[in-house]
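K.L.:
Quick one: the structure is below, questions incoming.
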Amino acid sequence: MSRAIRKWYFATNINGIRHAYDQIQSALLSCNANTSLQPHCIIDSDGATPDDESRILWLEENGAKIIRHRADLLRLLRPVFGSTMDTFSGHWLRCDIPQLEVDDDFVLYTDIDVVFIKDLPEVPFPNFVACGPEHWQTDYSYFNSGVMILNIPALRNMREELYSVVEKRLKITAPYDDQSALNELFVSRWDHLPPSWNWKPYWGRNDDALIIHFHGPKPAHARRMLAGDIDVFGNDFQTIFNRNPDGYRHYLQLVERLNASGA
């Protein structure tokens with residue numbers, strides 16, 4: 001069955017509000033300008049200052065429904081990773097969307113480092129999740145969880161299975177690596193989204209792209225690297241950027257135009 005997605009979920013914590021707010025603003029402004037999606041922001045606001053709250057208020061004033069919540073999986077993660085989870089707790093909030101969404105059976109989730117280019121077409125709804133590939137357009141052996149269509153009832157019924165996978169991985173995982181846990185959970189049973197739903201700047205310009213995902217270097221990183229400020233973000237980001245600097249230039253200009261229009 002194909003139907004239109006109504007709701008967009010994204011998630012962050014206070015660390016994201018303080019250090020990635022420009023990305024959150026671009027995502028929300030582009031959603032409002034270019035789609036009919038209803039934005040929903042799940043936020044772990046523990047430790048918020050008045051300045052943080054003013055930023056959260058801006059999100060609400062610009063159409064985001066604010067859902068204050070702490071990730072349920074922290075009860076497994078904090079005993080292992082301790083205060084490191086203060087930085088990475090936002091990564092795990094998306095795992096709770098099936099418990100928080102009560103009306104729609106299918107929703108869109110994205111990371112905060114995205115820009116919406118066009119309204120989303122109808123697509124076949126997944127049995128569990130639908131995702132695009134990670135680094136290479138044709139490699140569907142491992143999915144990127146930065147853009148996902150979620151089957152809410154199905155995922156709600158898999159809650160214990162999710163907990164079991166995360167608990168089993170505690171000795172080998174990183175505090176931010178929910179993506180690997182999700183890939184293990186859904187191995188051989190995730191539906192494929194076309195690359196246009198999760199288009200990376202290092203794939204070059206694509207006028208048919210629906211969502212641009214700054215996977216790897218973010219706009220602030222790309223801006224500095226385009227200016228010749230190289231080798232300041234580590235080899236991984238530089239290697240990704242070097243795949244297609246012109247792609248980053250094109251999409252960075254798009255972000256800057258978007259932010260200027262929404263200022």
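So you can find residues: chains in the structure tokens are A, B, ... in the order shown, residues in each start at 1, and ligands are numbered from 1 in order.
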If we count only C-alpha atoms and set the cut-off at 7 Å, which residues sit around segment 172-187 of chain A, ignoring sequence neighbours fewer than 3 positions away in its own chain? Please answer as a PyMOL selection string.
P.N.:
chain A and resi 81+85+88+91-92+142-143+145+162+165-166+169+190
K.L.:
For the residues in that selection, give me all heavy atoms as a short mmCIF file (atom, residue, chain, number, x, y, z; two decimals), in the first residue's frame.
P.N.:
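And here's part-v3.cif as it stands now:
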```cif
data_model
loop_
_atom_site.label_atom_id
_atom_site.label_comp_id
_atom_site.auth_asym_id
_atom_site.auth_seq_id
_atom_site.Cartn_x
_atom_site.Cartn_y
_atom_site.Cartn_z
N PHE A 81 28.54 3.37 29.79
CA PHE A 81 29.24 4.53 29.23
C PHE A 81 29.24 5.75 30.13
O PHE A 81 29.92 6.73 29.83
CB PHE A 81 28.63 4.89 27.87
CG PHE A 81 28.76 3.81 26.85
CD1 PHE A 81 27.65 3.10 26.42
CD2 PHE A 81 30.00 3.48 26.32
CE1 PHE A 81 27.76 2.09 25.48
CE2 PHE A 81 30.13 2.47 25.38
CZ PHE A 81 29.00 1.78 24.95
N MET A 85 27.18 9.56 27.96
CA MET A 85 25.84 9.57 27.40
C MET A 85 25.21 10.95 27.46
O MET A 85 24.21 11.19 26.77
CB MET A 85 24.96 8.55 28.10
CG MET A 85 25.39 7.09 27.90
SD MET A 85 25.71 6.64 26.16
CE MET A 85 24.16 7.06 25.37
N PHE A 88 25.73 11.85 23.96
CA PHE A 88 25.16 11.02 22.90
C PHE A 88 23.74 10.51 23.18
O PHE A 88 23.22 9.70 22.40
CB PHE A 88 26.08 9.83 22.64
CG PHE A 88 27.45 10.23 22.16
CD1 PHE A 88 28.58 9.99 22.93
CD2 PHE A 88 27.61 10.87 20.94
CE1 PHE A 88 29.84 10.36 22.50
CE2 PHE A 88 28.87 11.25 20.49
CZ PHE A 88 29.98 10.99 21.27
N HIS A 91 21.09 10.42 20.34
CA HIS A 91 21.11 9.42 19.27
C HIS A 91 20.05 8.33 19.49
O HIS A 91 19.56 7.75 18.51
CB HIS A 91 22.48 8.74 19.20
CG HIS A 91 23.56 9.61 18.65
ND1 HIS A 91 23.98 10.77 19.25
CD2 HIS A 91 24.33 9.49 17.53
CE1 HIS A 91 24.96 11.32 18.54
NE2 HIS A 91 25.18 10.57 17.49
N TRP A 92 19.73 8.06 20.73
CA TRP A 92 18.88 6.92 21.04
C TRP A 92 17.41 7.29 21.19
O TRP A 92 16.56 6.41 21.37
CB TRP A 92 19.40 6.25 22.32
CG TRP A 92 20.80 5.76 22.15
CD1 TRP A 92 21.95 6.48 22.36
CD2 TRP A 92 21.22 4.48 21.70
NE1 TRP A 92 23.05 5.72 22.06
CE2 TRP A 92 22.63 4.48 21.65
CE3 TRP A 92 20.53 3.32 21.33
CZ2 TRP A 92 23.37 3.37 21.25
CZ3 TRP A 92 21.27 2.20 20.93
CH2 TRP A 92 22.67 2.24 20.90
N TYR A 142 23.96 -2.59 3.96
CA TYR A 142 23.93 -1.94 5.28
C TYR A 142 23.22 -0.61 5.09
O TYR A 142 23.52 0.12 4.15
CB TYR A 142 25.36 -1.73 5.77
CG TYR A 142 25.52 -1.11 7.15
CD1 TYR A 142 25.60 -1.92 8.28
CD2 TYR A 142 25.61 0.27 7.30
CE1 TYR A 142 25.77 -1.35 9.55
CE2 TYR A 142 25.78 0.84 8.56
CZ TYR A 142 25.86 0.02 9.68
OH TYR A 142 26.04 0.59 10.92
N PHE A 143 22.25 -0.31 5.96
CA PHE A 143 21.49 0.92 5.72
C PHE A 143 21.99 2.08 6.57
O PHE A 143 22.57 1.90 7.64
CB PHE A 143 19.98 0.70 5.91
CG PHE A 143 19.52 0.34 7.31
CD1 PHE A 143 19.44 1.29 8.31
CD2 PHE A 143 19.11 -0.96 7.60
CE1 PHE A 143 18.97 0.98 9.58
CE2 PHE A 143 18.63 -1.30 8.87
CZ PHE A 143 18.56 -0.32 9.87
N SER A 145 20.69 5.02 8.78
CA SER A 145 19.48 5.26 9.55
C SER A 145 19.17 6.75 9.71
O SER A 145 18.30 7.12 10.49
CB SER A 145 19.60 4.61 10.94
OG SER A 145 20.74 5.13 11.63
N LEU A 162 14.46 -5.26 20.35
CA LEU A 162 15.40 -4.14 20.30
C LEU A 162 16.27 -4.10 21.56
O LEU A 162 17.50 -3.98 21.48
CB LEU A 162 14.64 -2.83 20.14
CG LEU A 162 15.47 -1.55 20.31
CD1 LEU A 162 16.53 -1.43 19.24
CD2 LEU A 162 14.55 -0.33 20.33
N VAL A 165 18.92 -6.83 21.46
CA VAL A 165 20.03 -6.56 20.56
C VAL A 165 20.98 -5.55 21.17
O VAL A 165 22.21 -5.73 21.15
CB VAL A 165 19.50 -6.06 19.20
CG1 VAL A 165 20.64 -5.49 18.35
CG2 VAL A 165 18.81 -7.19 18.45
N VAL A 166 20.45 -4.46 21.72
CA VAL A 166 21.30 -3.43 22.31
C VAL A 166 22.09 -4.00 23.50
O VAL A 166 23.30 -3.77 23.64
CB VAL A 166 20.46 -2.22 22.75
CG1 VAL A 166 21.32 -1.21 23.52
CG2 VAL A 166 19.84 -1.54 21.52
N ARG A 169 25.00 -6.09 22.47
CA ARG A 169 26.07 -5.36 21.81
C ARG A 169 26.85 -4.43 22.75
O ARG A 169 27.80 -3.77 22.31
CB ARG A 169 25.49 -4.52 20.66
CG ARG A 169 24.95 -5.32 19.50
CD ARG A 169 24.40 -4.40 18.41
NE ARG A 169 25.39 -3.41 18.02
CZ ARG A 169 26.36 -3.62 17.15
NH1 ARG A 169 26.46 -4.81 16.54
NH2 ARG A 169 27.22 -2.68 16.85
N TRP A 190 14.61 -5.21 6.06
CA TRP A 190 14.32 -3.78 5.88
C TRP A 190 14.06 -3.51 4.41
O TRP A 190 14.64 -4.11 3.52
CB TRP A 190 15.46 -2.91 6.42
CG TRP A 190 16.83 -3.16 5.86
CD1 TRP A 190 17.68 -4.18 6.19
CD2 TRP A 190 17.52 -2.37 4.90
NE1 TRP A 190 18.86 -4.08 5.49
CE2 TRP A 190 18.79 -2.97 4.69
CE3 TRP A 190 17.21 -1.22 4.19
CZ2 TRP A 190 19.74 -2.46 3.80
CZ3 TRP A 190 18.15 -0.70 3.30
CH2 TRP A 190 19.40 -1.31 3.13
#
```
K.L.:
Give me every helix (DSSP H, G or I) residue in segment 1-235 of chain A, going by DSSP on the backbone, as a VMD selection string.
P.N.:
chain A and resid 14 to 19 21 to 34 50 to 61 74 to 100 152 to 157 159 to 169 178 to 185 195 to 198 201 to 203 219 to 226 235
K.L.:
Write down as a VMD selection string the residues belonging to segment 158-221 of chain A that are assigned strand (DSSP E) by DSSP computed on the backbone.
P.N.:
chain A and resid 191 to 192 211 to 213
K.L.:
At a cut-off of 10 Å, using only C-alpha atoms, what residues contact Gln137 of chain A? Leave out same-chain residues fewer than 3 positions from it and give the result as a PyMOL selection string.
P.N.:
chain A and resi 132-134+140+194-196+198-200+203
K.L.:
May I have the selected residues written with all heavy atoms, as a short mmCIF file (atom, residue, chain, number, x, y, z; two decimals), in the first residue's frame?
P.N.:
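Result file selection06.cif:
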```cif
data_model
loop_
_atom_site.label_atom_id
_atom_site.label_comp_id
_atom_site.auth_asym_id
_atom_site.auth_seq_id
_atom_site.Cartn_x
_atom_site.Cartn_y
_atom_site.Cartn_z
N GLY A 132 17.70 4.00 3.09
CA GLY A 132 18.60 4.03 1.96
C GLY A 132 19.97 3.49 2.33
O GLY A 132 20.26 3.20 3.49
N PRO A 133 20.85 3.37 1.34
CA PRO A 133 22.19 2.84 1.59
C PRO A 133 23.07 3.82 2.36
O PRO A 133 22.76 5.00 2.46
CB PRO A 133 22.74 2.57 0.19
CG PRO A 133 22.00 3.53 -0.69
CD PRO A 133 20.63 3.67 -0.09
N GLU A 134 24.18 3.32 2.85
CA GLU A 134 25.11 4.12 3.66
C GLU A 134 26.00 4.98 2.77
O GLU A 134 25.64 6.11 2.43
CB GLU A 134 25.93 3.17 4.55
CG GLU A 134 27.01 3.83 5.37
CD GLU A 134 26.53 4.46 6.68
OE1 GLU A 134 25.38 4.87 6.76
OE2 GLU A 134 27.34 4.56 7.60
N TYR A 140 23.21 -1.92 -0.81
CA TYR A 140 22.14 -2.06 0.17
C TYR A 140 22.44 -3.17 1.19
O TYR A 140 21.53 -3.74 1.77
CB TYR A 140 20.82 -2.32 -0.54
CG TYR A 140 20.18 -1.07 -1.12
CD1 TYR A 140 20.51 -0.61 -2.39
CD2 TYR A 140 19.26 -0.34 -0.38
CE1 TYR A 140 19.94 0.54 -2.92
CE2 TYR A 140 18.68 0.81 -0.89
CZ TYR A 140 19.02 1.24 -2.16
OH TYR A 140 18.45 2.39 -2.67
N PRO A 194 14.79 4.64 -2.28
CA PRO A 194 15.69 5.12 -3.33
C PRO A 194 16.71 6.10 -2.75
O PRO A 194 16.42 6.80 -1.78
CB PRO A 194 14.75 5.83 -4.31
CG PRO A 194 13.40 5.29 -4.03
CD PRO A 194 13.37 4.97 -2.56
N PRO A 195 17.90 6.18 -3.33
CA PRO A 195 18.91 7.11 -2.82
C PRO A 195 18.44 8.56 -2.76
O PRO A 195 18.94 9.35 -1.95
CB PRO A 195 20.07 6.95 -3.82
CG PRO A 195 19.92 5.56 -4.33
CD PRO A 195 18.43 5.32 -4.40
N SER A 196 17.46 8.94 -3.60
CA SER A 196 16.97 10.32 -3.61
C SER A 196 16.34 10.73 -2.29
O SER A 196 16.25 11.92 -1.99
CB SER A 196 15.95 10.52 -4.74
OG SER A 196 14.86 9.63 -4.58
N ASN A 198 17.66 10.01 0.60
CA ASN A 198 18.75 10.19 1.57
C ASN A 198 20.01 10.48 0.76
O ASN A 198 20.97 9.72 0.77
CB ASN A 198 18.89 8.92 2.41
CG ASN A 198 19.86 9.07 3.56
OD1 ASN A 198 20.60 10.05 3.66
ND2 ASN A 198 19.88 8.08 4.45
N TRP A 199 19.97 11.62 0.04
CA TRP A 199 21.02 11.95 -0.91
C TRP A 199 22.18 12.64 -0.19
O TRP A 199 21.98 13.57 0.58
CB TRP A 199 20.49 12.86 -2.02
CG TRP A 199 21.46 13.02 -3.14
CD1 TRP A 199 22.32 14.06 -3.35
CD2 TRP A 199 21.68 12.09 -4.21
NE1 TRP A 199 23.08 13.83 -4.48
CE2 TRP A 199 22.69 12.63 -5.03
CE3 TRP A 199 21.13 10.86 -4.54
CZ2 TRP A 199 23.16 11.98 -6.16
CZ3 TRP A 199 21.58 10.21 -5.67
CH2 TRP A 199 22.58 10.77 -6.47
N LYS A 200 23.39 12.15 -0.44
CA LYS A 200 24.58 12.68 0.22
C LYS A 200 25.29 13.68 -0.70
O LYS A 200 25.40 13.44 -1.91
CB LYS A 200 25.55 11.54 0.56
CG LYS A 200 24.91 10.26 1.10
CD LYS A 200 24.15 10.46 2.37
CE LYS A 200 23.89 9.13 3.08
NZ LYS A 200 23.31 8.06 2.27
N TRP A 203 27.78 12.49 -3.28
CA TRP A 203 27.31 11.83 -4.50
C TRP A 203 27.13 12.84 -5.64
O TRP A 203 26.76 12.45 -6.76
CB TRP A 203 25.99 11.11 -4.24
CG TRP A 203 26.11 9.91 -3.36
CD1 TRP A 203 27.24 9.23 -3.02
CD2 TRP A 203 25.03 9.23 -2.69
NE1 TRP A 203 26.96 8.18 -2.19
CE2 TRP A 203 25.60 8.15 -1.96
CE3 TRP A 203 23.65 9.41 -2.62
CZ2 TRP A 203 24.83 7.28 -1.19
CZ3 TRP A 203 22.90 8.56 -1.85
CH2 TRP A 203 23.48 7.49 -1.15
#
```
K.L.:
Pull the closest atom pair for each residue of segment 148-263 of chain A that gets at most 12 Å from segment 29-32 of chain A, along with the distance in Å to one decimal, counting only C-alpha atoms, ordering rows by chain and then ascending residue number, as a tab-separated table.
P.N.:
```
residue	atom	partner	partner_atom	distance
A:Leu210	CA	A:Cys31	CA	10.8
A:Ile211	CA	A:Cys31	CA	9.6
A:Ile212	CA	A:Ser30	CA	10.4
A:Leu254	CA	A:Ser30	CA	10.2
A:Val255	CA	A:Ser30	CA	8.7
A:Glu256	CA	A:Ser30	CA	11.3
A:Arg257	CA	A:Ser30	CA	10.5
A:Leu258	CA	A:Ser30	CA	7.0
A:Asn259	CA	A:Leu29	CA	7.5
A:Ala260	CA	A:Leu29	CA	10.4
A:Ser261	CA	A:Leu29	CA	9.1
A:Gly262	CA	A:Leu29	CA	6.5
A:Ala263	CA	A:Leu29	CA	9.5
```
K.L.:
I'd like the neighbourhood of Ala4 of chain A as an mmCIF file with N, CA and C atoms, in the first residue's frame, where a residue qualifies if any of its atoms comes within 9 Å (using only C-alpha atoms), though same-chain residues fewer than 3 positions away should be ignored.
P.N.:
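That gives us out_2.cif:
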```cif
data_model
loop_
_atom_site.group_PDB
_atom_site.id
_atom_site.type_symbol
_atom_site.label_atom_id
_atom_site.label_comp_id
_atom_site.auth_asym_id
_atom_site.auth_seq_id
_atom_site.Cartn_x
_atom_site.Cartn_y
_atom_site.Cartn_z
ATOM 1 N N LEU A 120 7.464 14.920 -0.226
ATOM 2 C CA LEU A 120 7.720 13.500 -0.416
ATOM 3 C C LEU A 120 6.583 12.830 -1.171
ATOM 4 N N PRO A 121 6.910 11.996 -2.144
ATOM 5 C CA PRO A 121 5.864 11.262 -2.861
ATOM 6 C C PRO A 121 5.350 10.101 -2.024
ATOM 7 N N GLU A 122 4.260 9.542 -2.464
ATOM 8 C CA GLU A 122 3.781 8.314 -1.844
ATOM 9 C C GLU A 122 4.735 7.173 -2.181
ATOM 10 N N VAL A 123 4.971 6.315 -1.217
ATOM 11 C CA VAL A 123 5.825 5.138 -1.425
ATOM 12 C C VAL A 123 5.180 3.941 -0.740
#
```
